>>> print(open('data.txt').read())   # compact mmCIF, C-alpha atoms
# COMPACT_ATOMS: atom_id res chain seq x y z
CA MET A 982 49.60 20.39 -33.95
CA SER A 983 47.34 22.35 -36.31
CA ILE A 984 44.67 20.53 -38.36
CA LEU A 985 43.12 22.54 -41.18
CA LEU A 986 40.45 22.06 -43.82
CA THR A 987 40.76 24.24 -46.91
CA ILE A 988 38.00 24.42 -49.54
CA LEU A 989 38.93 25.97 -52.89
CA THR A 990 37.44 26.39 -56.35
CA LEU A 991 39.59 26.02 -59.44
CA CYS A 992 38.75 26.91 -63.02
CA LEU A 993 39.30 24.33 -65.73
CA ASP A 994 42.80 24.50 -67.28
CA SER A 995 44.06 26.90 -64.60
CA THR A 996 46.70 26.21 -61.93
CA ILE A 997 46.64 26.78 -58.20
CA SER A 998 49.42 26.50 -55.61
CA LEU A 999 48.68 24.48 -52.46
CA CYS A 1000 50.98 25.09 -49.49
CA SER A 1001 51.39 23.54 -46.08
CA PRO A 1002 50.29 25.85 -43.25
CA ALA A 1003 53.68 25.27 -41.63
CA ILE A 1004 56.60 26.28 -43.85
CA ASP A 1005 60.02 25.86 -42.31
CA ASP A 1006 63.35 24.50 -43.54
CA THR A 1007 63.45 22.20 -40.53
CA LEU A 1008 60.28 20.33 -41.57
CA PHE A 1009 59.61 17.36 -43.84
CA TYR A 1010 56.49 17.43 -46.07
CA SER A 1011 54.45 14.50 -47.30
CA TRP A 1012 51.65 15.06 -49.85
CA SER A 1013 49.05 12.53 -50.90
CA THR A 1014 50.45 12.99 -54.43
CA GLY A 1015 53.85 11.70 -53.29
CA GLU A 1016 55.54 15.11 -53.53
CA GLN A 1017 57.69 16.28 -50.64
CA THR A 1018 57.90 20.06 -51.01
CA ALA A 1019 56.18 22.71 -48.90
CA CYS A 1020 53.98 23.70 -51.86
CA ILE A 1021 52.68 21.87 -54.92
CA ASN A 1022 50.93 23.08 -58.08
CA ILE A 1023 47.59 21.60 -59.14
CA THR A 1024 46.12 22.10 -62.62
CA GLY A 1025 42.40 21.58 -63.23
CA THR A 1026 42.22 19.13 -66.14
CA THR A 1027 38.73 17.71 -65.55
CA VAL A 1028 35.55 19.06 -64.00
CA GLY A 1029 34.85 17.56 -60.58
CA GLU A 1030 36.14 17.29 -57.02
CA ALA A 1031 39.50 16.11 -55.67
CA ILE A 1032 41.09 15.87 -52.23
CA TYR A 1033 44.75 16.53 -51.39
CA THR A 1034 46.39 16.18 -47.99
CA CYS A 1035 49.71 17.42 -46.68
CA GLU A 1036 51.51 16.44 -43.48
CA ALA A 1037 54.33 18.53 -42.08
CA ARG A 1038 56.70 16.72 -39.71
CA THR A 1039 59.95 17.45 -38.00
CA LYS A 1040 62.99 15.98 -39.72
CA THR A 1041 63.67 13.61 -36.85
CA PHE A 1042 63.80 10.19 -38.48
CA TYR A 1043 65.59 6.88 -38.39
CA THR A 1044 67.51 5.46 -41.32
CA THR A 1045 68.87 2.07 -42.29
CA ASP A 1046 72.51 1.54 -43.15
CA ASN A 1047 73.79 3.00 -46.39
CA LEU A 1048 72.55 0.76 -49.21
CA MET A 1049 75.61 1.72 -51.27
CA ALA A 1050 78.47 -0.74 -50.93
CA ASN A 1051 81.19 1.86 -51.58
CA GLY A 1052 79.53 5.27 -51.41
CA ASP A 1053 82.45 6.68 -49.41
CA PHE A 1054 85.06 5.31 -51.88
CA GLU A 1055 87.09 3.70 -49.10
CA ASN A 1056 86.67 0.03 -50.07
CA HIS A 1057 89.72 -0.55 -52.20
CA THR A 1058 92.97 -2.46 -51.81
CA ASP A 1059 94.74 -2.05 -55.13
CA TYR A 1060 94.65 1.22 -57.08
CA HIS A 1061 95.73 -0.60 -60.21
CA GLN A 1062 92.36 -2.38 -60.26
CA GLU A 1063 88.99 -0.69 -60.85
CA PRO A 1064 87.19 0.10 -57.58
CA THR A 1065 84.29 -2.12 -56.51
CA GLY A 1066 80.74 -1.14 -55.59
CA PHE A 1067 80.22 1.17 -58.56
CA THR A 1068 80.98 1.50 -62.25
CA SER A 1069 81.23 4.33 -64.79
CA ASP A 1070 80.64 4.92 -68.48
CA TYR A 1071 84.07 6.57 -68.46
CA GLU A 1072 87.54 5.05 -68.32
CA TYR A 1073 89.21 4.28 -65.00
CA LEU A 1074 92.75 5.61 -64.63
CA PRO A 1075 94.82 3.71 -62.05
CA PHE A 1076 96.68 6.09 -59.75
CA ASP A 1077 97.76 6.00 -56.14
CA PRO A 1078 95.73 8.81 -54.48
CA TYR A 1079 98.67 9.48 -52.18
CA GLY A 1080 100.99 9.92 -55.16
CA THR A 1081 101.87 13.19 -56.84
CA ASN A 1082 102.20 14.75 -60.28
CA LEU A 1083 99.87 12.44 -62.16
CA TYR A 1084 99.98 14.77 -65.17
CA ASP A 1085 103.65 13.86 -65.63
CA GLN A 1086 102.88 10.15 -65.83
CA PRO A 1087 102.81 8.69 -69.36
CA GLU A 1088 99.51 6.87 -68.76
CA PHE A 1089 97.77 10.17 -68.09
CA TYR A 1090 99.29 12.26 -70.87
CA ASP A 1091 96.60 13.63 -73.21
CA LYS A 1092 93.93 11.66 -71.34
CA SER A 1093 90.42 13.04 -70.84
CA GLY A 1094 87.07 11.55 -69.97
CA VAL A 1095 88.61 9.52 -67.16
CA TYR A 1096 87.99 9.01 -63.45
CA LEU A 1097 90.07 7.87 -60.51
CA LEU A 1098 90.18 7.88 -56.72
CA SER A 1099 92.03 10.85 -55.30
CA HIS A 1100 93.35 12.01 -51.94
CA ASN A 1101 94.00 15.57 -53.07
CA ALA A 1102 93.08 17.09 -56.42
CA ASP A 1103 96.28 19.10 -56.88
CA HIS A 1104 98.25 15.86 -56.75
CA THR A 1105 96.73 14.84 -60.05
CA TRP A 1106 96.80 17.91 -62.27
CA ARG A 1107 98.67 21.22 -62.26
CA ASP A 1108 95.47 23.25 -62.80
CA TYR A 1109 93.55 21.66 -59.90
CA ALA A 1110 93.13 23.40 -56.58
CA ASN A 1111 94.07 22.00 -53.18
CA VAL A 1112 90.84 20.03 -52.75
CA GLY A 1113 91.03 17.24 -50.21
CA PRO A 1114 88.34 14.60 -49.71
CA HIS A 1115 85.26 15.15 -47.64
CA SER A 1116 86.52 12.07 -45.79
CA GLY A 1117 89.18 9.55 -46.78
CA ASP A 1118 89.46 9.30 -50.58
CA PHE A 1119 87.00 10.71 -53.13
CA PHE A 1120 85.85 10.06 -56.68
CA ALA A 1121 87.46 12.46 -59.17
CA MET A 1122 86.02 12.94 -62.68
CA PHE A 1123 87.98 14.68 -65.45
CA ASP A 1124 86.29 16.10 -68.57
CA ALA A 1125 82.86 14.47 -68.24
CA ALA A 1126 81.79 15.83 -71.62
CA GLN A 1127 80.57 12.57 -73.10
CA SER A 1128 77.04 11.22 -72.74
CA GLY A 1129 76.49 8.64 -70.03
CA TYR A 1130 76.90 8.17 -66.31
CA ALA A 1131 80.09 9.50 -64.74
CA TRP A 1132 79.34 7.37 -61.67
CA LYS A 1133 76.67 4.71 -61.25
CA ALA A 1134 75.84 2.04 -58.69
CA GLY A 1135 73.55 -0.88 -59.51
CA THR A 1136 72.14 -3.83 -57.64
CA PRO A 1137 74.74 -6.30 -59.06
CA GLU A 1138 77.54 -4.35 -57.34
CA ASN A 1139 75.35 -3.41 -54.35
CA PRO A 1140 73.34 -6.42 -53.10
CA ASP A 1141 71.49 -4.31 -50.52
CA LEU A 1142 70.30 -1.81 -53.12
CA ARG A 1143 66.56 -2.63 -53.15
CA ILE A 1144 63.40 -0.57 -52.80
CA GLU A 1145 59.97 -1.26 -51.31
CA GLU A 1146 56.65 0.11 -52.56
CA ASN A 1147 55.71 3.33 -50.71
CA GLY A 1148 59.02 3.18 -48.89
CA LEU A 1149 60.58 6.54 -48.04
CA TYR A 1150 64.27 6.99 -48.89
CA VAL A 1151 66.81 9.74 -48.40
CA PHE A 1152 69.55 10.27 -50.97
CA SER A 1153 72.51 12.55 -50.31
CA TYR A 1154 76.01 13.27 -51.59
CA TRP A 1155 78.84 15.80 -51.44
CA ALA A 1156 80.32 17.39 -54.56
CA ALA A 1157 83.11 19.86 -55.23
CA ASP A 1158 84.66 21.69 -58.17
CA LEU A 1159 88.32 20.74 -58.54
CA ASN A 1160 89.61 23.58 -60.72
CA GLU A 1161 91.60 26.67 -59.98
CA PRO A 1162 89.47 29.85 -60.49
CA PHE A 1163 90.79 30.53 -64.01
CA GLN A 1164 89.50 27.09 -65.10
CA ARG A 1165 85.90 27.49 -63.85
CA ALA A 1166 84.36 28.89 -67.02
CA HIS A 1167 82.51 25.64 -67.69
CA PRO A 1168 81.50 24.09 -64.35
CA ALA A 1169 79.91 20.66 -64.11
CA ARG A 1170 76.12 20.44 -63.82
CA LEU A 1171 75.30 17.28 -61.89
CA GLN A 1172 71.97 15.47 -62.18
CA PHE A 1173 71.44 12.28 -60.18
CA SER A 1174 68.70 9.84 -61.16
CA ILE A 1175 67.35 6.46 -60.14
CA ARG A 1176 66.25 3.68 -62.50
CA TYR A 1177 64.17 0.76 -61.27
CA LYS A 1178 62.48 -2.24 -62.81
CA MET A 1179 58.70 -2.12 -63.00
CA PRO A 1180 56.49 -5.23 -62.48
CA ASP A 1181 56.13 -5.54 -66.27
CA GLY A 1182 59.90 -5.72 -66.68
CA THR A 1183 60.42 -2.24 -68.11
CA MET A 1184 62.82 0.25 -66.51
CA GLU A 1185 61.53 3.56 -65.15
CA LYS A 1186 63.73 6.62 -64.52
CA GLU A 1187 63.24 9.49 -62.05
CA PHE A 1188 65.46 12.37 -61.00
CA LEU A 1189 66.88 12.42 -57.48
CA GLY A 1190 66.89 16.09 -56.54
CA GLU A 1191 67.64 19.17 -58.59
CA VAL A 1192 70.62 19.87 -60.85
CA LEU A 1193 73.67 20.98 -58.85
CA THR A 1194 75.90 23.44 -60.73
CA LEU A 1195 79.46 23.64 -59.41
CA GLY A 1196 82.21 26.13 -60.09
CA LYS A 1197 81.80 28.90 -57.52
CA ASP A 1198 84.49 27.61 -55.17
CA ASN A 1199 86.46 24.52 -54.21
CA ALA A 1200 84.34 23.72 -51.16
CA TRP A 1201 82.32 20.56 -50.70
CA HIS A 1202 78.59 21.16 -51.24
CA PHE A 1203 75.93 18.92 -49.71
CA SER A 1204 72.76 17.84 -51.53
CA GLN A 1205 69.90 15.83 -50.00
CA THR A 1206 66.50 14.76 -51.28
CA PHE A 1207 63.71 12.48 -50.07
CA TRP A 1208 62.16 10.02 -52.48
CA THR A 1209 59.16 7.69 -52.19
CA SER A 1210 59.34 4.44 -54.13
CA PRO A 1211 56.25 3.66 -56.26
CA VAL A 1212 57.11 -0.07 -56.55
CA THR A 1213 58.98 -2.92 -54.93
CA SER A 1214 62.04 -3.78 -56.98
CA ASP A 1215 65.37 -5.58 -56.59
CA SER A 1216 66.85 -4.20 -59.81
CA ILE A 1217 68.05 -0.64 -59.15
CA GLU A 1218 70.59 1.72 -60.67
CA ILE A 1219 71.54 5.15 -59.30
CA GLY A 1220 73.84 7.39 -61.31
CA VAL A 1221 74.94 10.92 -62.06
CA GLU A 1222 75.25 12.62 -65.44
CA ASP A 1223 77.10 15.84 -66.14
CA LEU A 1224 74.65 17.96 -68.13
CA ASN A 1225 77.48 20.27 -69.21
CA SER A 1226 78.71 18.80 -72.49
CA PHE A 1227 81.62 21.22 -72.82
CA TYR A 1228 84.88 19.47 -73.61
CA GLY A 1229 87.95 21.11 -72.13
CA ALA A 1230 88.82 23.45 -69.31
CA GLY A 1231 86.66 23.38 -66.22
CA ASN A 1232 84.34 20.41 -66.62
CA ASP A 1233 85.77 18.42 -63.68
CA PHE A 1234 84.31 17.49 -60.30
CA GLY A 1235 84.68 15.35 -57.21
CA LEU A 1236 82.09 13.20 -55.39
CA ASP A 1237 82.19 11.79 -51.87
CA ASP A 1238 79.99 10.10 -49.27
CA ILE A 1239 77.11 9.11 -51.55
CA ILE A 1240 74.32 7.71 -49.35
CA PHE A 1241 70.99 6.02 -50.14
CA GLN A 1242 69.02 4.95 -47.06
CA MET A 1243 65.51 3.85 -46.19
CA VAL A 1244 63.76 6.23 -43.79
CA THR A 1245 61.16 5.80 -41.09
CA LEU A 1246 59.44 8.85 -39.62
CA GLU A 1247 58.43 7.03 -36.44
CA GLY A 1248 60.64 9.32 -34.42
CA SER A 1249 59.32 12.51 -36.02
CA LYS A 1250 56.66 14.82 -34.63
CA GLN A 1251 53.66 15.79 -36.74
CA VAL A 1252 53.44 19.59 -36.80
CA ALA A 1253 50.52 20.32 -39.14
CA THR A 1254 48.00 18.58 -41.40
CA ASP A 1255 45.96 20.30 -44.08
CA THR A 1256 43.25 18.73 -46.22
CA PHE A 1257 42.40 20.57 -49.45
CA TYR A 1258 39.02 20.04 -51.12
CA ILE A 1259 39.33 21.31 -54.69
CA THR A 1260 36.30 21.75 -56.94
CA THR A 1261 37.23 22.24 -60.59
CA GLN A 1262 34.66 24.12 -62.65
CA ASP A 1263 34.35 25.18 -66.25
CA CYS A 1264 34.52 28.94 -65.84
CA THR A 1265 34.02 29.67 -69.53
CA PRO A 1266 31.28 32.34 -69.79
CA CYS A 1267 28.02 31.49 -71.54
CA GLN A 1268 28.11 31.69 -75.32
CA ASP A 1269 25.55 33.05 -77.79
CA PHE A 1270 25.21 30.15 -80.17
CA VAL A 1271 21.41 29.56 -79.90
CA TYR A 1272 19.09 31.22 -82.39
CA ARG A 1273 15.33 31.38 -82.66
CA LYS A 1274 14.02 30.13 -86.01
CA TRP A 1275 10.52 30.90 -87.25
CA ASN A 1276 8.46 31.39 -84.08
CA ASP A 1277 8.84 28.25 -82.03
CA VAL A 1278 12.20 26.59 -82.79
CA LEU A 1279 15.49 27.08 -80.88
CA PHE A 1280 18.51 26.12 -82.95
CA ALA A 1281 22.12 25.56 -81.76
CA ASP A 1282 24.61 26.82 -84.32
CA ASN A 1283 27.16 24.09 -85.11
CA ALA A 1284 28.58 25.37 -88.37
CA ASP A 1285 32.13 24.48 -87.31
CA GLU A 1286 31.00 21.00 -86.20
CA GLN A 1287 32.49 21.36 -82.71
CA PHE A 1288 29.42 19.91 -80.91
CA VAL A 1289 28.54 16.22 -80.76
CA SER A 1290 25.58 16.12 -78.32
CA TYR A 1291 23.01 18.44 -76.72
CA GLN A 1292 20.75 18.80 -73.69
CA TRP A 1293 18.11 21.53 -73.61
CA TYR A 1294 16.88 23.15 -70.39
CA GLU A 1295 13.64 24.95 -69.51
CA ASP A 1296 13.87 27.16 -66.41
CA SER A 1297 17.15 25.38 -65.48
CA VAL A 1298 15.49 21.94 -65.59
CA ALA A 1299 16.65 19.42 -68.19
CA ILE A 1300 13.92 18.71 -70.75
CA VAL A 1301 13.41 14.98 -71.11
CA GLY A 1302 14.23 13.82 -74.62
CA ALA A 1303 15.40 17.26 -75.78
CA THR A 1304 18.81 16.12 -76.99
CA ARG A 1305 18.84 17.19 -80.63
CA GLN A 1306 20.52 20.21 -82.20
CA PHE A 1307 17.17 22.03 -82.15
CA TYR A 1308 14.24 22.18 -79.76
CA GLN A 1309 10.65 23.05 -80.66
CA LEU A 1310 8.84 25.09 -78.03
CA THR A 1311 5.52 23.70 -76.83
CA ASP A 1312 4.06 26.21 -74.34
CA THR A 1313 2.63 29.01 -76.50
CA ILE A 1314 1.28 31.02 -73.57
CA ASN A 1315 3.68 31.08 -70.58
CA PRO A 1316 7.17 32.63 -70.83
CA HIS A 1317 10.17 30.40 -69.97
CA PHE A 1318 13.95 30.63 -69.78
CA TYR A 1319 15.84 28.30 -72.13
CA HIS A 1320 19.46 27.28 -72.67
CA VAL A 1321 21.38 24.29 -74.00
CA GLU A 1322 24.48 22.44 -72.85
CA ALA A 1323 26.46 21.20 -75.84
CA MET A 1324 29.35 18.75 -75.58
CA THR A 1325 32.36 19.39 -77.81
CA THR A 1326 34.45 16.82 -79.63
CA ASP A 1327 37.06 16.93 -76.82
CA GLY A 1328 34.46 16.22 -74.12
CA ARG A 1329 34.04 19.78 -72.82
CA ILE A 1330 30.63 21.25 -72.05
CA ARG A 1331 29.72 24.62 -73.53
CA THR A 1332 26.68 26.39 -72.11
CA SER A 1333 24.61 28.83 -74.11
CA CYS A 1334 23.40 32.04 -72.52
CA VAL A 1335 19.96 31.81 -70.94
CA GLN A 1336 17.24 33.47 -73.03
CA LEU A 1337 13.66 34.37 -72.17
CA PHE A 1338 11.04 33.32 -74.72
CA GLU A 1339 7.55 34.69 -74.28
CA GLN A 1340 4.34 34.07 -76.21
CA PHE A 1341 4.73 32.96 -79.81
CA ARG A 1342 2.77 31.55 -82.69
CA PRO A 1343 3.41 28.02 -83.97
CA SER A 1344 5.45 27.72 -87.16
CA VAL A 1345 3.49 28.28 -90.39
CA SER A 1346 0.37 29.92 -89.01
CA ASN A 1347 -2.12 28.06 -91.18
CA GLN A 1348 -0.84 24.65 -90.04
CA PRO A 1349 -0.91 23.24 -86.49
CA ALA A 1350 2.64 23.14 -85.11
CA GLN A 1351 2.29 19.57 -83.92
CA ARG A 1352 1.72 18.44 -87.52
CA ASN A 1353 4.87 20.12 -88.83
CA GLN A 1354 8.14 18.21 -89.27
CA LEU A 1355 11.61 19.66 -88.59
CA VAL A 1356 14.31 18.43 -90.96
CA LEU A 1357 18.08 18.87 -90.45
CA HIS A 1358 19.96 18.42 -93.73
CA ARG A 1359 23.69 19.11 -94.17
CA GLY A 1360 23.76 21.51 -91.21
CA HIS A 1361 20.67 23.43 -92.38
CA LEU A 1362 17.32 23.31 -90.61
CA TYR A 1363 14.04 23.14 -92.57
CA ILE A 1364 10.40 22.85 -91.59
CA LYS A 1365 8.18 20.57 -93.59
CA THR A 1366 4.40 21.01 -93.46
CA GLU A 1367 1.77 18.92 -95.10
CA ASP A 1368 1.91 20.96 -98.29
CA ALA A 1369 5.30 22.78 -98.38
CA LEU A 1370 8.95 22.98 -97.30
CA TYR A 1371 10.39 26.17 -95.73
CA ASP A 1372 13.94 27.32 -94.96
CA ILE A 1373 14.97 29.17 -91.77
CA LEU A 1374 13.97 32.51 -93.29
CA GLY A 1375 10.47 31.25 -94.00
CA ASN A 1376 11.02 30.98 -97.72
CA LYS A 1377 9.22 28.22 -99.51
CA CYS A 1378 11.61 25.66 -101.04
CA GLU A 1379 11.14 23.26 -103.91
CA SER A 1380 13.48 20.65 -102.39
CA LEU A 1381 16.33 20.24 -99.85
CA SER A 1382 19.55 22.09 -100.70
CA ARG A 1383 22.38 20.00 -102.09
>>> encode(input="data.txt", output="C-alpha cells")
Amino acid sequence: MSILLTILTLCLDSTISLCSPAIDDTLFYSWSTGEQTACINITGTTVGEAIYTCEARTKTFYTTDNLMANGDFENHTDYHQEPTGFTSDYEYLPFDPYGTNLYDQPEFYDKSGVYLLSHNADHTWRDYANVGPHSGDFFAMFDAAQSGYAWKAGTPENPDLRIEENGLYVFSYWAADLNEPFQRAHPARLQFSIRYKMPDGTMEKEFLGEVLTLGKDNAWHFSQTFWTSPVTSDSIEIGVEDLNSFYGAGNDFGLDDIIFQMVTLEGSKQVATDTFYITTQDCTPCQDFVYRKWNDVLFADNADEQFVSYQWYEDSVAIVGATRQFYQLTDTINPHFYHVEAMTTDGRIRTSCVQLFEQFRPSVSNQPAQRNQLVLHRGHLYIKTEDALYDILGNKCESLSR
C-alpha cells in the first residue's frame, strides 16, 4: 500500500484538481469530503490551510439484503391491481405481462403517460422492439413526458428502507430503451435521486449517480453509484424522473432489478492513501494605492470606499496603533520600507506595494511636526497647524471643504 503526503499552494478563487495516486476502474475511492470519485475539485474560497484525505480500496465489499421490497418487480399476484413496494406519479395500466397485443385492447387505446409490468415489450405495442426483462418481469414506462417520478419507492411501502449517518450505500439498476430504431429520436434521460428527512423535519434531496440517456439500442444498461448518508433517517424516498419532456414517439423505457444496499468495506483491501495539505493564498499582486502627502504623511487612497480598515507596516513589521487611513512618519533620519494592508468591504485583504522612504522634513517647516494635527474630512486629508489649515497640495485653506 502506498501512503503519500502532498503539499500544495492554491490561489484565492482558483480551482485545483486533487487525484488519488491509484486510479483504476476496479477501485473504490473515499474522500474526507464524502465524494467517491478518483479526483475532486477544490476551490480556494478563504485564505488559510485545509487538509483532504483520499483512500483507494478494492471493490471487495459486503452488502446487506436489498432494502427495496419489490426492486425486481416480481412480487405481484394480480395484474389487475397496482403492484406493491413502489408507486408512480403516472397511471398504472393493468395488463397481463404474458399477454399480447395490448395496443388492441380498449383500455390502452389513446393512452399515454402510463406504466405497467411487462414480460416482453413487443407484446404491448406494435412499435416496441423485442425487449425481454433483465430477469422475470420488468417495469415499463410509456411517454414519461409529464413532471414527476415515473417510479418511486418510499419507506411506507418499503419498511427496511432506512439510512444511518455516515453509512455507505450502493445503488444500482438496469434500464433499457423499448423502441424500434425509427422511434428513438427522443430517448429517455433518467435521473435517480434520494430524498430523506433531516433532524429538523425538512426533506433533503440528492442525486444518485449521473443522468443515463437511453436510445442507442434495446440492450439493458447497468448503472451503479456509491452514496454516503449524512444523517440517520427512517423516512426515505428514492425515485427516477425522465428529464426528457418530449411528448410522443420515443420517450419510453424499462427498469429492472433496482437495488439499494448498505455496504461494508471490511472485506476490501486498502491500496493507497494520500493526504493533501492545501494552503490558500491571496495571489493578487501588490497595488499602488498609497501616496506620500506633504513630506511625512502616507495616505491610502479610498476614493471608491472599498476599504474599511488598515494596518501599516514598517520594514515588514506591523506598527502598533497605525490603523488609520493615513500614517505620519516619525523617523526623519533613517530610511524605512512601508506598506499597508487594507481590508475591503467583502473581507479581502489588499496589500499596497512596498515603498522606500528616506530622509524628509516634517510637515510645514516652521512648525514642529508633533504639534500638527491631521484631519480627514469627507475623504480628503488636511493638516492643521497652530495658525493655519493646509490641503494635500500644501495650499492654505480658509476652512474645510464642504
>>> closest_atom_pairs(input="data.txt", of="region 1009-1086 of chain A", to="region 1259-1270 of chain A", cutoff="8 Å", atoms="only C-alpha atoms", output="Markdown table")
| residue | atom | partner | partner_atom | distance |
| --- | --- | --- | --- | --- |
| A:Gly1025 | CA | A:Thr1261 | CA | 5.8 |
| A:Thr1027 | CA | A:Thr1261 | CA | 6.9 |
| A:Val1028 | CA | A:Thr1261 | CA | 5.0 |
| A:Gly1029 | CA | A:Thr1261 | CA | 5.3 |
| A:Glu1030 | CA | A:Thr1260 | CA | 4.5 |
| A:Ala1031 | CA | A:Ile1259 | CA | 5.3 |
| A:Ile1032 | CA | A:Ile1259 | CA | 6.2 |
| A:Tyr1033 | CA | A:Ile1259 | CA | 7.9 |
>>> write_last_selection(input="data.txt", atoms="C-alpha atoms", output="tab-separated table (two decimals), in the frame of the given file")
chain	number	residue	atom	x	y	z
A	1025	GLY	CA	42.40	21.58	-63.23
A	1027	THR	CA	38.73	17.71	-65.55
A	1028	VAL	CA	35.55	19.06	-64.00
A	1029	GLY	CA	34.85	17.56	-60.58
A	1030	GLU	CA	36.14	17.29	-57.02
A	1031	ALA	CA	39.50	16.11	-55.67
A	1032	ILE	CA	41.09	15.87	-52.23
A	1033	TYR	CA	44.75	16.53	-51.39
>>> atom_distance(input="data.txt", atom1="CA of Leu1171 (chain A)", atom2="CA of Leu1149 (chain A)")
22.9 Å
>>> atom_distance(input="data.txt", atom1="CA of Ser1214 (chain A)", atom2="CA of Ile1144 (chain A)")
5.4 Å
>>> residues_around(input="data.txt", residues="Asp994 (chain A)", least_positions_apart="2", cutoff="8 Å", atoms="all atoms listed in the file", output="list in words")
Cys992, Thr996, Thr1024, Gly1025 and Thr1026 of chain A
>>> write_last_selection(input="data.txt", atoms="C-alpha atoms", output="CSV table (one decimal), keeping the file's coordinate frame")
chain,number,residue,atom,x,y,z
A,992,CYS,CA,38.8,26.9,-63.0
A,996,THR,CA,46.7,26.2,-61.9
A,1024,THR,CA,46.1,22.1,-62.6
A,1025,GLY,CA,42.4,21.6,-63.2
A,1026,THR,CA,42.2,19.1,-66.1
>>> atom_distance(input="data.txt", atom1="CA of Asp1108 (chain A)", atom2="CA of Leu1159 (chain A)")
8.7 Å
>>> closest_residue(input="data.txt", among="A:His1115, A:Lys1186, A:Lys1178, A:Arg1170", to="Ala1102 (chain A)", atoms="only C-alpha atoms")
A:His1115
>>> closest_residue(input="data.txt", among="A:Ile1219, A:Tyr1294, A:Gln1164, A:Thr1313", to="Ser1333 (chain A)", atoms="all atoms listed in the file")
A:Tyr1294
>>> closest_residue(input="data.txt", among="A:Cys1020, A:Met1049, A:Val1321, A:Val1151", to="Ile1004 (chain A)", atoms="all atoms listed in the file")
A:Cys1020
>>> closest_residue(input="data.txt", among="A:Asn1022, A:Ser1249, A:Thr1325, A:Thr1041", to="Leu991 (chain A)", atoms="all atoms listed in the file")
A:Asn1022
>>> residues_near_point(input="data.txt", point="(74.7, 23.5, -56.4)", cutoff="10 Å", atoms="all atoms listed in the file", output="PyMOL selection string")
chain A and resi 1156-1157+1169-1171+1191-1197+1201-1204
>>> closest_residue(input="data.txt", among="A:Tyr1150, A:Phe1188, A:Phe1227, A:Phe1288", to="Thr1209 (chain A)", atoms="only C-alpha atoms")
A:Tyr1150
